[in-house]
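Presented below is the structure to which this report refers.
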Amino acid sequence: MGKSIELGKILQKRKINIACVQETRGKGIWARDVDGFKLWYSGSAGGKDGVGILVDRDLRELVIEVRRANDRLMSIKPVVGGFTIHVISAYAPQVGLDQEVKKQFWEDLDKMVRSIPQTEKLFIGGDFNGHIGASARG
């Protein structure tokens with residue numbers, strides 16, 4: 001919880017309204033107030049991985065839906081100024097994980113993105129664990 005408060009202060013200082021966080025290592029599914037922000041969270045029972053979305057005081061009441069797919073993927077849907085916005089927080093599996101886990105993540109993300117009407121806005125914040133090159137040497 002201490003790092004959440006520290007993050008809240010940084011976001012306020014930089015005037016950030018919505019932030020996606022990954023690899024948070026919290027447990028379970030919850031929402032709580034964090035230093036002027038509301039944090040929606042989705043993590044595993046083991047406290048591994050985990051994603052969240054922080055929304056500031058001005059926008060949090062505009063959130064009409066929260067979808068938690070799993071501990072690597074979640075979204076919120078606020079309506080701001082007459083526009084419906086979808087914000088997805090994503091945390092892709094790392095290099096060492098099983099190919100099936102990676103495939104499932106990308107399928108889940110694709111399904112979530114495709115479920116959003118084209119007339120609505122989409123923002124994706126994430127850690128996609130991308131690598132450039134075929135080996136560690138490039």
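Residues in the structure tokens are named by chain (A, B, ... in the order shown) and by number from 1 within that chain; ligands are numbered from 1 in the order shown.
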I'd like a table as JSON lines: residues in range 21-110 of chain A with an atom no more than 7 Å from range 5-17 of chain A, each row giving the shortest atom pair and its distance in Å to one decimal, only C-alpha atoms counted, sorted by chain and rising residue number.
{"residue": "A:Val34", "atom": "CA", "partner": "A:Ile5", "partner_atom": "CA", "distance": 5.7}
{"residue": "A:Asp35", "atom": "CA", "partner": "A:Ile5", "partner_atom": "CA", "distance": 5.6}
{"residue": "A:Phe37", "atom": "CA", "partner": "A:Gly8", "partner_atom": "CA", "distance": 6.5}
{"residue": "A:Val55", "atom": "CA", "partner": "A:Asn17", "partner_atom": "CA", "distance": 5.8}
{"residue": "A:Asp56", "atom": "CA", "partner": "A:Asn17", "partner_atom": "CA", "distance": 5.1}
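Between Arg72 in chain A and the residues A:Asn129, A:Gln99, A:Gln94, A:Ser89, the shortest atom-to-atom distance, using only C-alpha atoms, involves A:Ser89.
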Contact residues around Gln22 in chain A with only C-alpha atoms at 6 Å, ignoring same-chain residues under 4 positions, as an MDAnalysis selection string: chainID A and resid 50:51 91
Written selection (N, CA, C and O atoms) as an mmCIF file, in the first residue's frame:
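This is the output file part.cif:
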data_model
loop_
_atom_site.group_PDB
_atom_site.id
_atom_site.type_symbol
_atom_site.label_atom_id
_atom_site.label_comp_id
_atom_site.auth_asym_id
_atom_site.auth_seq_id
_atom_site.Cartn_x
_atom_site.Cartn_y
_atom_site.Cartn_z
ATOM 1 N N GLY A 50 -0.209 -9.331 -11.821
ATOM 2 C CA GLY A 50 -1.155 -8.326 -11.353
ATOM 3 C C GLY A 50 -1.128 -7.045 -12.164
ATOM 4 O O GLY A 50 -0.074 -6.575 -12.577
ATOM 5 N N VAL A 51 -2.334 -6.514 -12.428
ATOM 6 C CA VAL A 51 -2.496 -5.259 -13.143
ATOM 7 C C VAL A 51 -3.484 -4.369 -12.393
ATOM 8 O O VAL A 51 -4.316 -4.859 -11.625
ATOM 9 N N TYR A 91 -0.387 -6.860 -19.071
ATOM 10 C CA TYR A 91 0.950 -7.301 -18.668
ATOM 11 C C TYR A 91 1.250 -8.628 -19.362
ATOM 12 O O TYR A 91 0.798 -9.693 -18.945
#
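Looking only at range 82-135 of chain A, the set that DSSP places in helix (DSSP H, G or I) from backbone geometry is Gln99, Glu100, Val101, Lys102, Lys103, Gln104, Phe105, Trp106, Glu107, Asp108, Leu109, Asp110, Lys111, Met112, Val113 and Arg114 of chain A.
Comparing the minimum interatomic distances between Thr84 in chain A and each of A:Leu122, A:Leu39, A:Leu109, A:Leu54, counting only C-alpha atoms, we find that A:Leu122 sits nearest.
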At what distance in Å, to one decimal, does CA of Ala31 in chain A lie from CA of Glu107 in chain A? 25.8 Å
Would you return as a PDB file with all heavy atoms, in the first residue's frame the members of range 1-37 of chain A that DSSP assigns to strand (DSSP E or B) on this structure's backbone?
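What landed in part.pdb:
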ATOM      1  N   ILE A  18      -5.260   9.250 -15.453  1.00  0.00           N
ATOM      2  CA  ILE A  18      -5.446   7.801 -15.481  1.00  0.00           C
ATOM      3  C   ILE A  18      -4.081   7.159 -15.715  1.00  0.00           C
ATOM      4  O   ILE A  18      -3.325   7.594 -16.588  1.00  0.00           O
ATOM      5  CB  ILE A  18      -6.419   7.369 -16.606  1.00  0.00           C
ATOM      6  CG1 ILE A  18      -7.803   7.985 -16.370  1.00  0.00           C
ATOM      7  CG2 ILE A  18      -6.511   5.850 -16.679  1.00  0.00           C
ATOM      8  CD1 ILE A  18      -8.799   7.717 -17.478  1.00  0.00           C
ATOM      9  N   ALA A  19      -3.769   6.125 -14.936  1.00  0.00           N
ATOM     10  CA  ALA A  19      -2.498   5.415 -15.097  1.00  0.00           C
ATOM     11  C   ALA A  19      -2.727   3.913 -15.006  1.00  0.00           C
ATOM     12  O   ALA A  19      -3.492   3.440 -14.167  1.00  0.00           O
ATOM     13  CB  ALA A  19      -1.505   5.849 -14.029  1.00  0.00           C
ATOM     14  N   CYS A  20      -2.063   3.187 -15.877  1.00  0.00           N
ATOM     15  CA  CYS A  20      -2.098   1.723 -15.855  1.00  0.00           C
ATOM     16  C   CYS A  20      -0.823   1.230 -15.186  1.00  0.00           C
ATOM     17  O   CYS A  20       0.262   1.749 -15.459  1.00  0.00           O
ATOM     18  CB  CYS A  20      -2.169   1.169 -17.272  1.00  0.00           C
ATOM     19  SG  CYS A  20      -3.651   1.649 -18.173  1.00  0.00           S
ATOM     20  N   VAL A  21      -0.958   0.233 -14.319  1.00  0.00           N
ATOM     21  CA  VAL A  21       0.203  -0.344 -13.644  1.00  0.00           C
ATOM     22  C   VAL A  21       0.216  -1.851 -13.862  1.00  0.00           C
ATOM     23  O   VAL A  21      -0.826  -2.483 -13.985  1.00  0.00           O
ATOM     24  CB  VAL A  21       0.229   0.003 -12.133  1.00  0.00           C
ATOM     25  CG1 VAL A  21       0.449   1.484 -11.929  1.00  0.00           C
ATOM     26  CG2 VAL A  21      -1.049  -0.441 -11.442  1.00  0.00           C
ATOM     27  N   GLN A  22       1.423  -2.412 -13.916  1.00  0.00           N
ATOM     28  CA  GLN A  22       1.603  -3.842 -14.133  1.00  0.00           C
ATOM     29  C   GLN A  22       2.644  -4.382 -13.170  1.00  0.00           C
ATOM     30  O   GLN A  22       3.407  -3.623 -12.597  1.00  0.00           O
ATOM     31  CB  GLN A  22       2.075  -4.129 -15.577  1.00  0.00           C
ATOM     32  CG  GLN A  22       1.120  -3.707 -16.658  1.00  0.00           C
ATOM     33  CD  GLN A  22       1.208  -2.238 -16.986  1.00  0.00           C
ATOM     34  OE1 GLN A  22       2.265  -1.636 -16.890  1.00  0.00           O
ATOM     35  NE2 GLN A  22       0.098  -1.641 -17.356  1.00  0.00           N
ATOM     36  N   ILE A  29      -8.799  -9.567  -6.120  1.00  0.00           N
ATOM     37  CA  ILE A  29      -9.496  -8.567  -6.916  1.00  0.00           C
ATOM     38  C   ILE A  29     -10.095  -7.567  -5.948  1.00  0.00           C
ATOM     39  O   ILE A  29     -10.851  -7.948  -5.050  1.00  0.00           O
ATOM     40  CB  ILE A  29     -10.598  -9.243  -7.755  1.00  0.00           C
ATOM     41  CG1 ILE A  29      -9.971 -10.198  -8.768  1.00  0.00           C
ATOM     42  CG2 ILE A  29     -11.465  -8.205  -8.438  1.00  0.00           C
ATOM     43  CD1 ILE A  29     -10.970 -11.075  -9.482  1.00  0.00           C
ATOM     44  N   TRP A  30      -9.748  -6.287  -6.118  1.00  0.00           N
ATOM     45  CA  TRP A  30     -10.257  -5.283  -5.198  1.00  0.00           C
ATOM     46  C   TRP A  30     -10.189  -3.892  -5.809  1.00  0.00           C
ATOM     47  O   TRP A  30      -9.618  -3.687  -6.871  1.00  0.00           O
ATOM     48  CB  TRP A  30      -9.507  -5.306  -3.866  1.00  0.00           C
ATOM     49  CG  TRP A  30      -8.017  -5.464  -3.949  1.00  0.00           C
ATOM     50  CD1 TRP A  30      -7.313  -6.629  -3.858  1.00  0.00           C
ATOM     51  CD2 TRP A  30      -7.032  -4.436  -4.157  1.00  0.00           C
ATOM     52  NE1 TRP A  30      -5.961  -6.382  -3.978  1.00  0.00           N
ATOM     53  CE2 TRP A  30      -5.764  -5.047  -4.157  1.00  0.00           C
ATOM     54  CE3 TRP A  30      -7.098  -3.063  -4.323  1.00  0.00           C
ATOM     55  CZ2 TRP A  30      -4.585  -4.329  -4.333  1.00  0.00           C
ATOM     56  CZ3 TRP A  30      -5.916  -2.334  -4.504  1.00  0.00           C
ATOM     57  CH2 TRP A  30      -4.680  -2.986  -4.492  1.00  0.00           C
ATOM     58  N   ALA A  31     -10.770  -2.950  -5.098  1.00  0.00           N
ATOM     59  CA  ALA A  31     -10.684  -1.531  -5.445  1.00  0.00           C
ATOM     60  C   ALA A  31     -10.559  -0.769  -4.140  1.00  0.00           C
ATOM     61  O   ALA A  31     -11.168  -1.138  -3.131  1.00  0.00           O
ATOM     62  CB  ALA A  31     -11.924  -1.086  -6.209  1.00  0.00           C
ATOM     63  N   ARG A  32      -9.743   0.288  -4.147  1.00  0.00           N
ATOM     64  CA  ARG A  32      -9.606   1.105  -2.938  1.00  0.00           C
ATOM     65  C   ARG A  32      -9.124   2.497  -3.314  1.00  0.00           C
ATOM     66  O   ARG A  32      -8.605   2.726  -4.393  1.00  0.00           O
ATOM     67  CB  ARG A  32      -8.679   0.456  -1.927  1.00  0.00           C
ATOM     68  CG  ARG A  32      -7.228   0.368  -2.319  1.00  0.00           C
ATOM     69  CD  ARG A  32      -6.345  -0.127  -1.181  1.00  0.00           C
ATOM     70  NE  ARG A  32      -6.752  -1.402  -0.700  1.00  0.00           N
ATOM     71  CZ  ARG A  32      -5.988  -2.457  -0.584  1.00  0.00           C
ATOM     72  NH1 ARG A  32      -4.712  -2.385  -0.916  1.00  0.00           N
ATOM     73  NH2 ARG A  32      -6.434  -3.590  -0.120  1.00  0.00           N
ATOM     74  N   ASP A  33      -9.328   3.410  -2.371  1.00  0.00           N
ATOM     75  CA  ASP A  33      -8.849   4.782  -2.552  1.00  0.00           C
ATOM     76  C   ASP A  33      -7.378   4.840  -2.179  1.00  0.00           C
ATOM     77  O   ASP A  33      -6.958   4.274  -1.174  1.00  0.00           O
ATOM     78  CB  ASP A  33      -9.648   5.741  -1.670  1.00  0.00           C
ATOM     79  CG  ASP A  33     -11.078   5.898  -2.161  1.00  0.00           C
ATOM     80  OD1 ASP A  33     -11.285   5.827  -3.383  1.00  0.00           O
ATOM     81  OD2 ASP A  33     -11.974   6.085  -1.326  1.00  0.00           O
ATOM     82  N   VAL A  34      -6.610   5.544  -3.023  1.00  0.00           N
ATOM     83  CA  VAL A  34      -5.173   5.681  -2.819  1.00  0.00           C
ATOM     84  C   VAL A  34      -4.786   7.129  -3.053  1.00  0.00           C
ATOM     85  O   VAL A  34      -4.655   7.562  -4.200  1.00  0.00           O
ATOM     86  CB  VAL A  34      -4.377   4.759  -3.781  1.00  0.00           C
ATOM     87  CG1 VAL A  34      -2.890   4.969  -3.619  1.00  0.00           C
ATOM     88  CG2 VAL A  34      -4.746   3.314  -3.592  1.00  0.00           C
ATOM     89  N   PHE A  37      -6.736   8.997  -5.612  1.00  0.00           N
ATOM     90  CA  PHE A  37      -7.032   8.179  -6.781  1.00  0.00           C
ATOM     91  C   PHE A  37      -7.846   6.968  -6.335  1.00  0.00           C
ATOM     92  O   PHE A  37      -7.782   6.560  -5.185  1.00  0.00           O
ATOM     93  CB  PHE A  37      -5.740   7.659  -7.443  1.00  0.00           C
ATOM     94  CG  PHE A  37      -5.020   8.691  -8.240  1.00  0.00           C
ATOM     95  CD1 PHE A  37      -4.250   9.656  -7.612  1.00  0.00           C
ATOM     96  CD2 PHE A  37      -5.106   8.710  -9.620  1.00  0.00           C
ATOM     97  CE1 PHE A  37      -3.573  10.621  -8.339  1.00  0.00           C
ATOM     98  CE2 PHE A  37      -4.436   9.674 -10.356  1.00  0.00           C
ATOM     99  CZ  PHE A  37      -3.672  10.630  -9.713  1.00  0.00           C
TER     100      PHE A  37
END
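For the choices A:Glu23, A:Phe83, A:Trp40, A:Ala69, the atom-to-atom distance to Phe128 in chain A is smallest for A:Glu23 when using only C-alpha atoms.
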